[in-house]
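Novice: File my_file-v2.pdb below, PDB, C-alpha atoms:
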ATOM      1  CA  MET A   1      81.525 -51.619  -1.681  1.00  0.00           C
ATOM      2  CA  ASN A   2      79.331 -50.580  -4.653  1.00  0.00           C
ATOM      3  CA  TYR A   3      75.563 -50.657  -4.357  1.00  0.00           C
ATOM      4  CA  THR A   4      73.093 -50.835  -7.197  1.00  0.00           C
ATOM      5  CA  THR A   5      69.527 -49.670  -6.769  1.00  0.00           C
ATOM      6  CA  ALA A   6      67.290 -52.583  -7.685  1.00  0.00           C
ATOM      7  CA  TYR A   7      63.981 -51.120  -6.593  1.00  0.00           C
ATOM      8  CA  GLU A   8      63.088 -47.614  -5.566  1.00  0.00           C
ATOM      9  CA  VAL A   9      59.922 -46.519  -3.816  1.00  0.00           C
ATOM     10  CA  ILE A  10      59.221 -42.839  -3.600  1.00  0.00           C
ATOM     11  CA  ASN A  11      56.762 -41.632  -1.030  1.00  0.00           C
ATOM     12  CA  GLU A  12      54.436 -39.700  -3.347  1.00  0.00           C
ATOM     13  CA  GLU A  13      50.749 -39.095  -3.588  1.00  0.00           C
ATOM     14  CA  LEU A  14      48.542 -40.934  -6.039  1.00  0.00           C
ATOM     15  CA  ASP A  15      49.292 -39.977  -9.635  1.00  0.00           C
ATOM     16  CA  SER A  16      46.628 -37.683 -11.077  1.00  0.00           C
ATOM     17  CA  PHE A  17      47.233 -39.069 -14.573  1.00  0.00           C
ATOM     18  CA  LEU A  18      45.553 -42.241 -13.409  1.00  0.00           C
ATOM     19  CA  PHE A  19      42.133 -40.675 -13.844  1.00  0.00           C
ATOM     20  CA  ILE A  20      42.622 -39.301 -17.370  1.00  0.00           C
ATOM     21  CA  PRO A  21      40.633 -42.177 -18.950  1.00  0.00           C
ATOM     22  CA  LEU A  22      37.593 -40.866 -17.082  1.00  0.00           C
ATOM     23  CA  ILE A  23      37.923 -37.616 -19.045  1.00  0.00           C
ATOM     24  CA  PHE A  24      37.591 -39.634 -22.252  1.00  0.00           C
ATOM     25  CA  VAL A  25      34.384 -41.201 -20.932  1.00  0.00           C
ATOM     26  CA  VAL A  26      32.952 -37.719 -20.382  1.00  0.00           C
ATOM     27  CA  VAL A  27      34.131 -36.588 -23.833  1.00  0.00           C
ATOM     28  CA  GLY A  28      32.451 -39.568 -25.524  1.00  0.00           C
ATOM     29  CA  LEU A  29      29.181 -39.004 -23.710  1.00  0.00           C
ATOM     30  CA  GLY A  30      29.440 -35.274 -24.395  1.00  0.00           C
ATOM     31  CA  ILE A  31      29.811 -35.888 -28.125  1.00  0.00           C
ATOM     32  CA  SER A  32      26.678 -38.014 -28.075  1.00  0.00           C
ATOM     33  CA  TYR A  33      24.708 -35.457 -26.069  1.00  0.00           C
ATOM     34  CA  VAL A  34      25.743 -32.472 -28.181  1.00  0.00           C
ATOM     35  CA  SER A  35      25.010 -34.402 -31.386  1.00  0.00           C
ATOM     36  CA  TYR A  36      21.589 -35.403 -30.093  1.00  0.00           C
ATOM     37  CA  GLU A  37      20.669 -31.867 -29.067  1.00  0.00           C
ATOM     38  CA  PHE A  38      22.060 -29.769 -31.913  1.00  0.00           C
ATOM     39  CA  PHE A  39      21.909 -31.804 -35.135  1.00  0.00           C
ATOM     40  CA  ASP A  40      18.725 -32.206 -37.170  1.00  0.00           C
ATOM     41  CA  SER A  41      16.774 -35.327 -36.253  1.00  0.00           C
ATOM     42  CA  ASN A  42      16.935 -36.721 -39.815  1.00  0.00           C
ATOM     43  CA  SER A  43      20.629 -35.989 -40.295  1.00  0.00           C
ATOM     44  CA  ILE A  44      23.012 -38.849 -41.049  1.00  0.00           C
ATOM     45  CA  GLN A  45      25.755 -36.822 -39.324  1.00  0.00           C
ATOM     46  CA  ARG A  46      23.733 -36.949 -36.130  1.00  0.00           C
ATOM     47  CA  SER A  47      23.513 -40.748 -36.286  1.00  0.00           C
ATOM     48  CA  TYR A  48      27.240 -41.129 -36.932  1.00  0.00           C
ATOM     49  CA  ALA A  49      28.214 -38.628 -34.239  1.00  0.00           C
ATOM     50  CA  ILE A  50      25.967 -40.250 -31.631  1.00  0.00           C
ATOM     51  CA  GLY A  51      27.287 -43.687 -32.578  1.00  0.00           C
ATOM     52  CA  PHE A  52      30.869 -42.487 -32.432  1.00  0.00           C
ATOM     53  CA  GLY A  53      30.322 -40.861 -29.041  1.00  0.00           C
ATOM     54  CA  ILE A  54      28.746 -44.008 -27.611  1.00  0.00           C
ATOM     55  CA  ILE A  55      31.492 -46.270 -28.975  1.00  0.00           C
ATOM     56  CA  PHE A  56      34.232 -43.865 -27.844  1.00  0.00           C
ATOM     57  CA  GLY A  57      32.698 -43.568 -24.387  1.00  0.00           C
ATOM     58  CA  SER A  58      32.233 -47.342 -24.142  1.00  0.00           C
ATOM     59  CA  PHE A  59      35.855 -48.109 -24.977  1.00  0.00           C
ATOM     60  CA  ALA A  60      37.014 -45.428 -22.540  1.00  0.00           C
ATOM     61  CA  THR A  61      34.787 -46.951 -19.845  1.00  0.00           C
ATOM     62  CA  ILE A  62      36.168 -50.436 -20.461  1.00  0.00           C
ATOM     63  CA  PHE A  63      39.711 -49.070 -20.424  1.00  0.00           C
ATOM     64  CA  SER A  64      39.019 -47.233 -17.159  1.00  0.00           C
ATOM     65  CA  ILE A  65      37.475 -50.293 -15.531  1.00  0.00           C
ATOM     66  CA  THR A  66      40.494 -52.414 -16.417  1.00  0.00           C
ATOM     67  CA  THR A  67      43.319 -49.983 -15.635  1.00  0.00           C
ATOM     68  CA  ILE A  68      42.276 -47.920 -12.631  1.00  0.00           C
ATOM     69  CA  PRO A  69      41.701 -50.775 -10.144  1.00  0.00           C
ATOM     70  CA  SER A  70      44.985 -52.497 -11.002  1.00  0.00           C
ATOM     71  CA  SER A  71      46.908 -49.237 -10.690  1.00  0.00           C
ATOM     72  CA  LEU A  72      45.266 -48.456  -7.364  1.00  0.00           C
ATOM     73  CA  THR A  73      46.055 -51.963  -6.104  1.00  0.00           C
ATOM     74  CA  ASP A  74      49.714 -51.582  -7.082  1.00  0.00           C
ATOM     75  CA  TYR A  75      49.869 -48.145  -5.471  1.00  0.00           C
ATOM     76  CA  TYR A  76      48.403 -49.258  -2.158  1.00  0.00           C
ATOM     77  CA  ARG A  77      50.456 -52.457  -2.106  1.00  0.00           C
ATOM     78  CA  THR A  78      53.641 -50.454  -2.612  1.00  0.00           C
ATOM     79  CA  LYS A  79      52.571 -47.866  -0.044  1.00  0.00           C
ATOM     80  CA  LYS A  80      51.896 -50.633   2.486  1.00  0.00           C
ATOM     81  CA  LYS A  81      55.357 -52.127   1.929  1.00  0.00           C
ATOM     82  CA  LEU A  82      56.944 -48.726   2.336  1.00  0.00           C
TER
END
Show how you would write the structure in this file as structure tokens.
Specialist:
Amino acid sequence: MNYTTAYEVINEELDSFLFIPLIFVVVGLGISYVSYEFFDSNSIQRSYAIGFGIIFGSFATIFSITTIPSSLTDYYRTKKKL
């Protein structure tokens, strides 16, 4: 009799790659902070860099808020079934 694996659950720990979007949040906020501290106050580069950092950090935050909880839910649901 031949068997085909339809679904496989491996007993592993939580994937550390799940929290990589949080690094992008820190990078975005870091860009804004460094731009605020080290560029001249009248510089157009400072305004663009701060704006970019805030927008980058905001999108990373939204991405983190939408992906991390769903991944954690799937992980714990699968772990419970195992």
Novice: Which of these, A:Thr61, A:Ser70, A:Thr4, A:Ser35, has the shortest distance to Ala49 of chain A once you count all atoms listed in the file?
Specialist: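 Smallest separation from Ala49 of chain A among the options: A:Ser35.
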Novice: Can you list, as number ranges by chain, every protein, DNA or RNA residue that comes within 12 Å of Ile23 of chain A when you count only C-alpha atoms, leaving out same-chain residues fewer than 6 positions away?
Specialist: A: 16-17, 29-30, 56-57, 60-61, 63-64
Novice: How far is it from atom CA of Ile68 of chain A to atom CA of Val25 of chain A, in Å with one decimal?
Specialist: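 Going from atom CA of Ile68 of chain A over to atom CA of Val25 of chain A covers 13.3 Å.
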Novice: Have a look at atom CA of Ile50 of chain A and atom CA of Thr67 of chain A and let me know their distance in Å, one decimal.
Specialist: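 Pair atom CA of Ile50 of chain A / atom CA of Thr67 of chain A returns 25.5 Å.
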Novice: Taking every listed atom of segment 60-78 of chain A and adding 8 Å to each side, what centre and edge lengths in Å (one decimal) does the axis-aligned box have, as JSON?
Specialist:
{"center_x": 44.2, "center_y": -49.0, "center_z": -12.3, "size_x": 34.9, "size_y": 23.1, "size_z": 36.4}
Novice: Excluding Tyr33 of chain A and any residue of its chain fewer than 3 positions from it, enumerate the residues within 12 Å of it, using all atoms listed in the file, and give them as a VMD selection string.
Specialist: chain A and resid 26 to 30 36 to 39 46 to 47 49 to 54 57
Novice: Provide the atom CA of Phe19 of chain A to atom CA of Phe59 of chain A distance in Å, to one decimal place.
Specialist: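 Between atom CA of Phe19 of chain A and atom CA of Phe59 of chain A the gap is 14.8 Å.
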Novice: For segment 46-60 of chain A, supply N, CA and C atoms and report the output as a JSON list (two decimals), in the frame of the given file.
Specialist:
[["chain", "number", "residue", "atom", "x", "y", "z"],
["A", 46, "ARG", "N", 24.17, -36.76, -37.51],
["A", 46, "ARG", "CA", 23.73, -36.95, -36.13],
["A", 46, "ARG", "C", 23.87, -38.42, -35.73],
["A", 47, "SER", "N", 23.43, -39.31, -36.59],
["A", 47, "SER", "CA", 23.51, -40.75, -36.29],
["A", 47, "SER", "C", 24.96, -41.19, -36.11],
["A", 48, "TYR", "N", 25.83, -40.75, -37.03],
["A", 48, "TYR", "CA", 27.24, -41.13, -36.93],
["A", 48, "TYR", "C", 27.90, -40.52, -35.69],
["A", 49, "ALA", "N", 27.60, -39.28, -35.39],
["A", 49, "ALA", "CA", 28.21, -38.63, -34.24],
["A", 49, "ALA", "C", 27.75, -39.27, -32.93],
["A", 50, "ILE", "N", 26.47, -39.58, -32.83],
["A", 50, "ILE", "CA", 25.97, -40.25, -31.63],
["A", 50, "ILE", "C", 26.59, -41.63, -31.49],
["A", 51, "GLY", "N", 26.66, -42.36, -32.60],
["A", 51, "GLY", "CA", 27.29, -43.69, -32.58],
["A", 51, "GLY", "C", 28.76, -43.61, -32.20],
["A", 52, "PHE", "N", 29.46, -42.65, -32.77],
["A", 52, "PHE", "CA", 30.87, -42.49, -32.43],
["A", 52, "PHE", "C", 31.04, -42.15, -30.96],
["A", 53, "GLY", "N", 30.23, -41.24, -30.45],
["A", 53, "GLY", "CA", 30.32, -40.86, -29.04],
["A", 53, "GLY", "C", 30.05, -42.03, -28.11],
["A", 54, "ILE", "N", 29.06, -42.84, -28.44],
["A", 54, "ILE", "CA", 28.75, -44.01, -27.61],
["A", 54, "ILE", "C", 29.87, -45.03, -27.66],
["A", 55, "ILE", "N", 30.39, -45.30, -28.84],
["A", 55, "ILE", "CA", 31.49, -46.27, -28.98],
["A", 55, "ILE", "C", 32.75, -45.75, -28.28],
["A", 56, "PHE", "N", 33.06, -44.48, -28.48],
["A", 56, "PHE", "CA", 34.23, -43.86, -27.84],
["A", 56, "PHE", "C", 34.10, -43.91, -26.33],
["A", 57, "GLY", "N", 32.94, -43.53, -25.83],
["A", 57, "GLY", "CA", 32.70, -43.57, -24.39],
["A", 57, "GLY", "C", 32.73, -44.99, -23.83],
["A", 58, "SER", "N", 32.23, -45.94, -24.59],
["A", 58, "SER", "CA", 32.23, -47.34, -24.14],
["A", 58, "SER", "C", 33.65, -47.89, -24.03],
["A", 59, "PHE", "N", 34.47, -47.64, -25.04],
["A", 59, "PHE", "CA", 35.85, -48.11, -24.98],
["A", 59, "PHE", "C", 36.61, -47.42, -23.84],
["A", 60, "ALA", "N", 36.36, -46.14, -23.64],
["A", 60, "ALA", "CA", 37.01, -45.43, -22.54],
["A", 60, "ALA", "C", 36.56, -45.99, -21.19]]
